[in-house]
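Comments concern the structure below.
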Amino acid sequence: MMNRPLLLTLVCVPLMLSALPAQAALRVFACEPEWGALAQELGGSNVDVSVATSALQDPHQIQAKPSLIARTRNADLVACTGAELEIGWLPVLLQQSGNAKVQPGQPGNFAAADFVRKLDVPAQLDRAQGDVHAAGNPHIQTDPRNIALVANALGARLQQLDPPHAADYAKALASFSQRWQQATARWAAQAAPLKGASVVSQHKAFVYLYDWLGLKEVAVLEPKPGVEPTASHLQEVLATLKGTPARMVLYAAYQDPRPSEWLGKNAGLAVVKIPFTVGGSDGAKDLFGLFDDTVARLVAAGAKP
Amino acid sequence: MHKLVPATLAIALGLPVGAGADTLSDVATLRQEMDAMRAAYEARMQALEQRLRRAEAALSAPAAAAASAVTVDPVAAPLASAPPAAPAPAAPGGGANAFNPSMALILSGLYTRTSRDPANYAITGFQLPTGAELGPGTRGFSLAESELDLAASIDPWWRGAANIALQADNKVSIEEAYVQTTALGNGLSLKAGRFFSNVGYLNPQHSHTWDFVDNPLAYQALLGTQYSDDGVQLSWLAPLDSYVELGAELGRGRSFPGSDTSRNGAGMSAITAHTGGDIGASQSWRAGVSMLNAKASDQSLVATNGAGSAVTDAFSGSTRVWVADAVWKWAPNGNATRTNLKLQGEYLRSTRTGSLVYDVGNADREGTYRAVQSGWYLQGVYQFMPYWRVGLRTEQLDAGTPDYGLNAASFAANGYKPRKNSVMLDFSPSEFSRVRLQLAQDRSREGLTDNQLFIQYQMSLGAHGAHSY
């Protein structure tokens with residue numbers, strides 16, 4: 001026969017389990033996979049991370065889907081890139097969420113780009129220049145030094161939002177920072193031979209990567225930011241490369257590879273698919289894998305004659 | 001800390017030593033005092049160190065300062081190798097205009113070619129509001145509505161938005177002007193002012209986001225193209241992993257199927273329920289059911305009588321409109337940049353009960369009136385390559401067999417079902433511009449087929465708009 005405490009446990013435990021997950025962990029809604037991965041590194045089991053987009057999606061153009069609205073409603077922290085990257089969809093999610101905690105200006109609203117020095121800040125704002133971002137280039141995650149800065153800020157934010165676990169977050173941040181610093185030094189050493197190399201980008205998505213590794217962008221396949229490469233512009237790029245040869249052409253995992261492949265074939269360049277974010281390649285399983293793989297691909301392409 | 005110990009000792013030794021100072025108890029007392037002082041100094045030093053760290057954090061990353069209430073573990077100090085962080089972005093410009101609302105201007109124009117004169121436009125079997133924007137509009141070149149959108153946060157608790165429509169006939173109308181809460185939390189949001197009702201899928205969407213030049217016939221015949229009202233709207237998002245949104249609205253009932261009734265209470269009430277989600281990475285959907293009730297008094301309607309001539313009637317009574325809507329979207333891996341597909345359909349059913357004055361100004365005969373009318377549309381829009389989309393829409397209305405009471409002899413119901421098929425091709429070189437060609441075969445009028453051609457441009461300048469699903 002079953003004794004009473006056991007019976008109570010059998011009844012209560014499933015009830016508690018069904019009620020607990022909603023309260024147990026800090027719910028983090030990350031706009032892009034890199035911030036989801038970072039929140040997971042820093043939050044561990046204290047956070048429940050949900051990522052809005054995948055590495056195969058263009059973060060500029062995401063629909064304010066019902067599933068995203070529901071997840072924004074339940075979030076304690078919305079961690080996004082900012083710098084207008086999500087301007088076409090995040091405002092709708094925030095407005096429709098009915099969630100006061102994650103509105104702009106609240107501690108639950110975290111924009112990674114606020115914590116780094118931004119490049120490509122336009123001197124003049126005119127859409128005749130294409131899809132320019134007033135705050136500067138938003139693709140900050142391609143420089144590991146930016147990840148370190150954002151990690152500090154995100155770690156502090158997690159401590160602020162979840163004081164009972166502040167010590168855990170501080171410890172995780174310290175451990176991550178140490179490992180990241182070592183890894184960054186290793187990547188920089190691996191990529192050292194690439195310093196000064198000329199490269200071509202499909203989209204102006206890698207300025208921070210170039211800034212970090214000392215690569216030189218000599219041409220961009222998109223005639224204007226956000227405008228698909230055209231045949232005539234590709235010909236112009238090809239002509240430019242005759243005068244200033246480049247070693248490789250880079251495109252992000254979510255982009256159509258055809259323009260880069262065309263240029264690679266016609267100009268004899270190595271074509272490099274950059275995972276761009278966590279999940280963008282088989283190797284980019286986490287943030288460390290993202291840079292392991294990015295650097296390995298660049299070094300492999302740079303080593304080719 | 002160790003430097004403090006000799007200093008403390010020196011102070012302690014320098015104190016005048018009273019009688020019996022060499023006793024053990026006095027030494028113990030001294031030691032206790034020293035320990036206490038040392039502890040106090042350590043605490044103060046720690047506090048100072050923390051203040052210093054906080055100040056450093058505030059300098060390197062302003063937002064991190066917000067976290068200063070929490071004790072930061074010393075090992076969590078910023079990485080030495082990291083490049084210096086930029087200060088937080090200041091508001092652009094500054095000065096008195098720094099808080100100007102975001103502003104966007106929508107410009108739109110149209111070339112229309114129809115085989116039937118739009119001046120005689122009607123939908124057989126339906127009594128339509130006078131002065132409503134129905135049918136294909138003006139032939140030839142015309143300026144479509146220019147829309148000015150303003151929006152900003154008001155304070156930490158409200159945001160406000162206005163959409164001002166500048167019409168081609170030089171009239172200005174307020175399409176939407178509302179304030180909305182941002183801080184209620186718990187999934188709640190309250191809107192007050194003028195807004196498009198949240199019934200159905202297309203109703204809350206502004207015309208520049210439509211996938212076709214015109215709204216479906218069912219919206220034109222049963223909701224006066226698009227239902228907008230002055231009132232309040234409360235919406236609640238359920239605390240679930242999947243999307244469930246419930247809404248309730250109260251309004252004056254100022255537009256068709258309502259009309260001003262000069263009452264203190266609400267002339268319109270609506271409840272809406274929507275749910276949706278994802279199917280894998282590539283598909284998403286939303287579906288819903290809504291009900292709108294509106295009261296009308298002496299509502300002026302244009303109808304065709306049994307003899308085939310146009311008459312003006314006046315309806316007083318209430319209308320209930322049910323709307324069922326569904327939309328499904330597909331994009332490979334959820335990346336809609338290259339190709340994507342959108343299917344949507346809605347079914348509207350309207351029941352009007354009350355009295356109808358037949359042929360106002362002439363016969364002026366009042367009779368009871370009850371009409372159950374419905375309509376549906378189904379459309380698909382496919383982006384087959386970047387910038388280019390093609391769309392198909394098919395739709396049908398059912399006028400039902402209205403009960404005209406005493407006026408039964410003046411109308412003829414023949415069961416005609418108005419139909420329309422449209423095909424469109426549009427080109428959007430950026431998120432801000434679109435040019436569209438639309439062909440339609442409109443059989444709204446019994447026995448008359450209207451072949452329509454539209455060429456339309458829609459452009460937006462200014463603030464980058466965010467569009468709902």
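All residue names refer to the structure tokens as shown: chains lettered A, B, ... in order, residues numbered from 1 in each chain, ligands numbered from 1 in order.
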
Inset, instruction - Output as JSON, numbers by chain all residues of region 27-249 of chain A that backbone DSSP marks as alpha helix (DSSP H). - result: {"A": [33, 34, 35, 36, 37, 38, 39, 40, 41, 42, 43, 66, 67, 68, 69, 70, 71, 72, 73, 90, 91, 92, 93, 94, 95, 96, 97, 144, 145, 146, 147, 148, 149, 150, 151, 152, 153, 154, 155, 156, 157, 158, 159, 160, 161, 166, 167, 168, 169, 170, 171, 172, 173, 174, 175, 176, 177, 178, 179, 180, 181, 182, 183, 184, 185, 186, 187, 188, 189, 190, 191, 207, 208, 209, 210, 211, 212, 213, 231, 232, 233, 234, 235, 236, 237, 238, 239, 240, 241, 242, 243]}

Inset, instruction - Find the spatial neighbours of region 105-118 of chain B, counting only C-alpha atoms, within a cut-off of 7 Å - ignore same-chain residues fewer than 4 positions away - and output them as a list of chain:residue names. - result: B:Gly135, B:Pro136, B:Gly137, B:Thr138, B:Arg139, B:Gly140, B:Phe141, B:Ser142, B:Leu143, B:Ala144, B:Glu145, B:Ser146, B:Glu147, B:Leu148, B:Asp149, B:Asp450, B:Asn451, B:Gln452, B:Leu453, B:Phe454, B:Ile455, B:Gln456, B:Tyr457, B:Gln458, B:Met459, B:Ser460, B:Leu461, B:Gly462

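In terms of minimum interatomic distance to Asp76 (chain A), A:Asp162 ranks closest within A:Asp162, A:Asp114, A:Trp212, A:Leu154, counting only C-alpha atoms.
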
Legend entry - Distance query Gln190 (chain A) at most 8 Å, only C-alpha atoms, self and fewer than 3 positions along chain excluded, as a PyMOL selection string: chain A and resi 186-187+193+295+299

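Using only C-alpha atoms, the part of chain A that sits within 6 Å of chain B is made up of Gln57, Ala64, Lys65, Pro66, Ser67, Ala70, Gly88, Trp89, Ser97, Gly98, Asn99, Ala100, Val116, Arg117, Arg145, Ala153, Ala156, Gln160, Ala170 and Ala174 of chain A.
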
Inset, instruction - From the DSSP assignment of the backbone, select every residue of region 338-439 of chain B that is strand (DSSP E or B), and format the answer as number ranges by chain. - result: B: 340-358, 365-385, 388-398, 403, 419-430, 433-439

Write out, as an mmCIF file, in the first residue's frame, the residues just selected, with C-alpha atoms.
```cif
data_model
loop_
_atom_site.group_PDB
_atom_site.id
_atom_site.type_symbol
_atom_site.label_atom_id
_atom_site.label_comp_id
_atom_site.auth_asym_id
_atom_site.auth_seq_id
_atom_site.Cartn_x
_atom_site.Cartn_y
_atom_site.Cartn_z
ATOM 1 C CA ASN B 340 8.088 33.399 -49.970
ATOM 2 C CA LEU B 341 4.426 32.555 -50.198
ATOM 3 C CA LYS B 342 1.456 34.017 -48.365
ATOM 4 C CA LEU B 343 -2.044 32.553 -48.448
ATOM 5 C CA GLN B 344 -4.938 34.244 -46.756
ATOM 6 C CA GLY B 345 -8.684 34.000 -46.660
ATOM 7 C CA GLU B 346 -11.539 35.558 -44.745
ATOM 8 C CA TYR B 347 -15.237 34.911 -44.418
ATOM 9 C CA LEU B 348 -17.586 37.703 -43.338
ATOM 10 C CA ARG B 349 -21.226 37.283 -42.381
ATOM 11 C CA SER B 350 -23.455 40.226 -41.577
ATOM 12 C CA THR B 351 -26.927 40.213 -40.024
ATOM 13 C CA ARG B 352 -28.844 43.497 -40.107
ATOM 14 C CA THR B 353 -32.083 43.792 -38.153
ATOM 15 C CA GLY B 354 -34.292 46.852 -37.858
ATOM 16 C CA SER B 355 -36.367 49.036 -40.111
ATOM 17 C CA LEU B 356 -35.793 50.437 -43.572
ATOM 18 C CA VAL B 357 -37.340 53.565 -45.011
ATOM 19 C CA TYR B 358 -37.658 52.923 -48.741
ATOM 20 C CA ARG B 365 -42.264 53.941 -46.807
ATOM 21 C CA GLU B 366 -40.981 52.328 -43.627
ATOM 22 C CA GLY B 367 -40.909 48.578 -43.270
ATOM 23 C CA THR B 368 -39.161 46.030 -41.127
ATOM 24 C CA TYR B 369 -35.837 44.823 -42.488
ATOM 25 C CA ARG B 370 -33.732 41.743 -41.856
ATOM 26 C CA ALA B 371 -30.849 40.719 -44.074
ATOM 27 C CA VAL B 372 -28.257 37.990 -43.671
ATOM 28 C CA GLN B 373 -25.452 38.557 -46.163
ATOM 29 C CA SER B 374 -22.019 37.088 -46.486
ATOM 30 C CA GLY B 375 -18.860 37.108 -48.530
ATOM 31 C CA TRP B 376 -15.421 35.561 -48.716
ATOM 32 C CA TYR B 377 -12.148 35.954 -50.480
ATOM 33 C CA LEU B 378 -9.113 33.774 -50.912
ATOM 34 C CA GLN B 379 -5.779 35.083 -52.078
ATOM 35 C CA GLY B 380 -2.223 33.976 -52.567
ATOM 36 C CA VAL B 381 0.859 36.110 -53.096
ATOM 37 C CA TYR B 382 4.121 34.495 -54.177
ATOM 38 C CA GLN B 383 7.499 36.180 -54.290
ATOM 39 C CA PHE B 384 9.248 34.184 -56.995
ATOM 40 C CA MET B 385 12.498 36.155 -56.963
ATOM 41 C CA TRP B 388 9.039 40.485 -57.622
ATOM 42 C CA ARG B 389 5.706 39.107 -56.425
ATOM 43 C CA VAL B 390 2.688 37.747 -58.199
ATOM 44 C CA GLY B 391 -0.762 37.456 -56.600
ATOM 45 C CA LEU B 392 -4.151 35.937 -57.300
ATOM 46 C CA ARG B 393 -7.401 36.702 -55.548
ATOM 47 C CA THR B 394 -10.842 35.229 -55.984
ATOM 48 C CA GLU B 395 -13.920 36.340 -54.115
ATOM 49 C CA GLN B 396 -17.681 36.036 -53.957
ATOM 50 C CA LEU B 397 -20.604 37.614 -52.141
ATOM 51 C CA ASP B 398 -23.976 36.211 -51.191
ATOM 52 C CA ASP B 403 -36.880 40.334 -45.567
ATOM 53 C CA ARG B 419 -17.879 37.751 -58.056
ATOM 54 C CA LYS B 420 -14.477 39.132 -58.803
ATOM 55 C CA ASN B 421 -11.099 37.730 -59.804
ATOM 56 C CA SER B 422 -7.887 39.719 -59.642
ATOM 57 C CA VAL B 423 -4.291 39.090 -60.587
ATOM 58 C CA MET B 424 -1.417 41.358 -59.675
ATOM 59 C CA LEU B 425 2.305 41.673 -60.262
ATOM 60 C CA ASP B 426 4.402 43.982 -58.130
ATOM 61 C CA PHE B 427 8.007 45.086 -58.013
ATOM 62 C CA SER B 428 9.606 46.440 -54.832
ATOM 63 C CA PRO B 429 13.210 47.523 -55.391
ATOM 64 C CA SER B 430 13.486 48.369 -51.682
ATOM 65 C CA SER B 433 8.983 51.570 -52.789
ATOM 66 C CA ARG B 434 6.602 49.387 -54.770
ATOM 67 C CA VAL B 435 5.086 49.539 -58.239
ATOM 68 C CA ARG B 436 2.115 47.311 -59.020
ATOM 69 C CA LEU B 437 0.099 46.168 -62.010
ATOM 70 C CA GLN B 438 -3.311 44.681 -61.273
ATOM 71 C CA LEU B 439 -5.917 43.241 -63.615
#
```

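Distance-wise, CA of Val47 (chain A) and CA of Gln141 (chain A) end up 21.3 Å apart.
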
Legend entry - Spatial neighbours of Pro275 (chain A), max dist 6 Å, only C-alpha atoms, sep filter under 3 positions, as an NGL selection string: :A and (253 or 280-281)

Inset, instruction - Excluding Val311 (chain B) and any residue of its chain fewer than 4 positions from it, enumerate the residues within 9 Å of it, using only C-alpha atoms, and give them as a list in words. - result: Leu301, Val302, Ala303, Thr304, Asn305, Tyr358, Asp359 and Val360 of chain B

Inset, instruction - Work out how far apart CA of Ala296 (chain A) and CA of Asp282 (chain A) are and give it in Å to one decimal. - result: 12.7 Å

Inset, instruction - Please identify all polymer residues within 8 Å of Gly43 (chain A), counting only C-alpha atoms, omitting same-chain residues fewer than 2 positions from it, and present them as a ChimeraX atom specification. - result: /A:39-41,45-47,158,168-169,172

Inset, instruction - Extract, using only C-alpha atoms, all DNA, RNA and protein residues at most 7 Å from Leu38 (chain A), discarding same-chain residues fewer than 4 positions from it, and format them as number ranges by chain. - result: A: 34, 42, 151
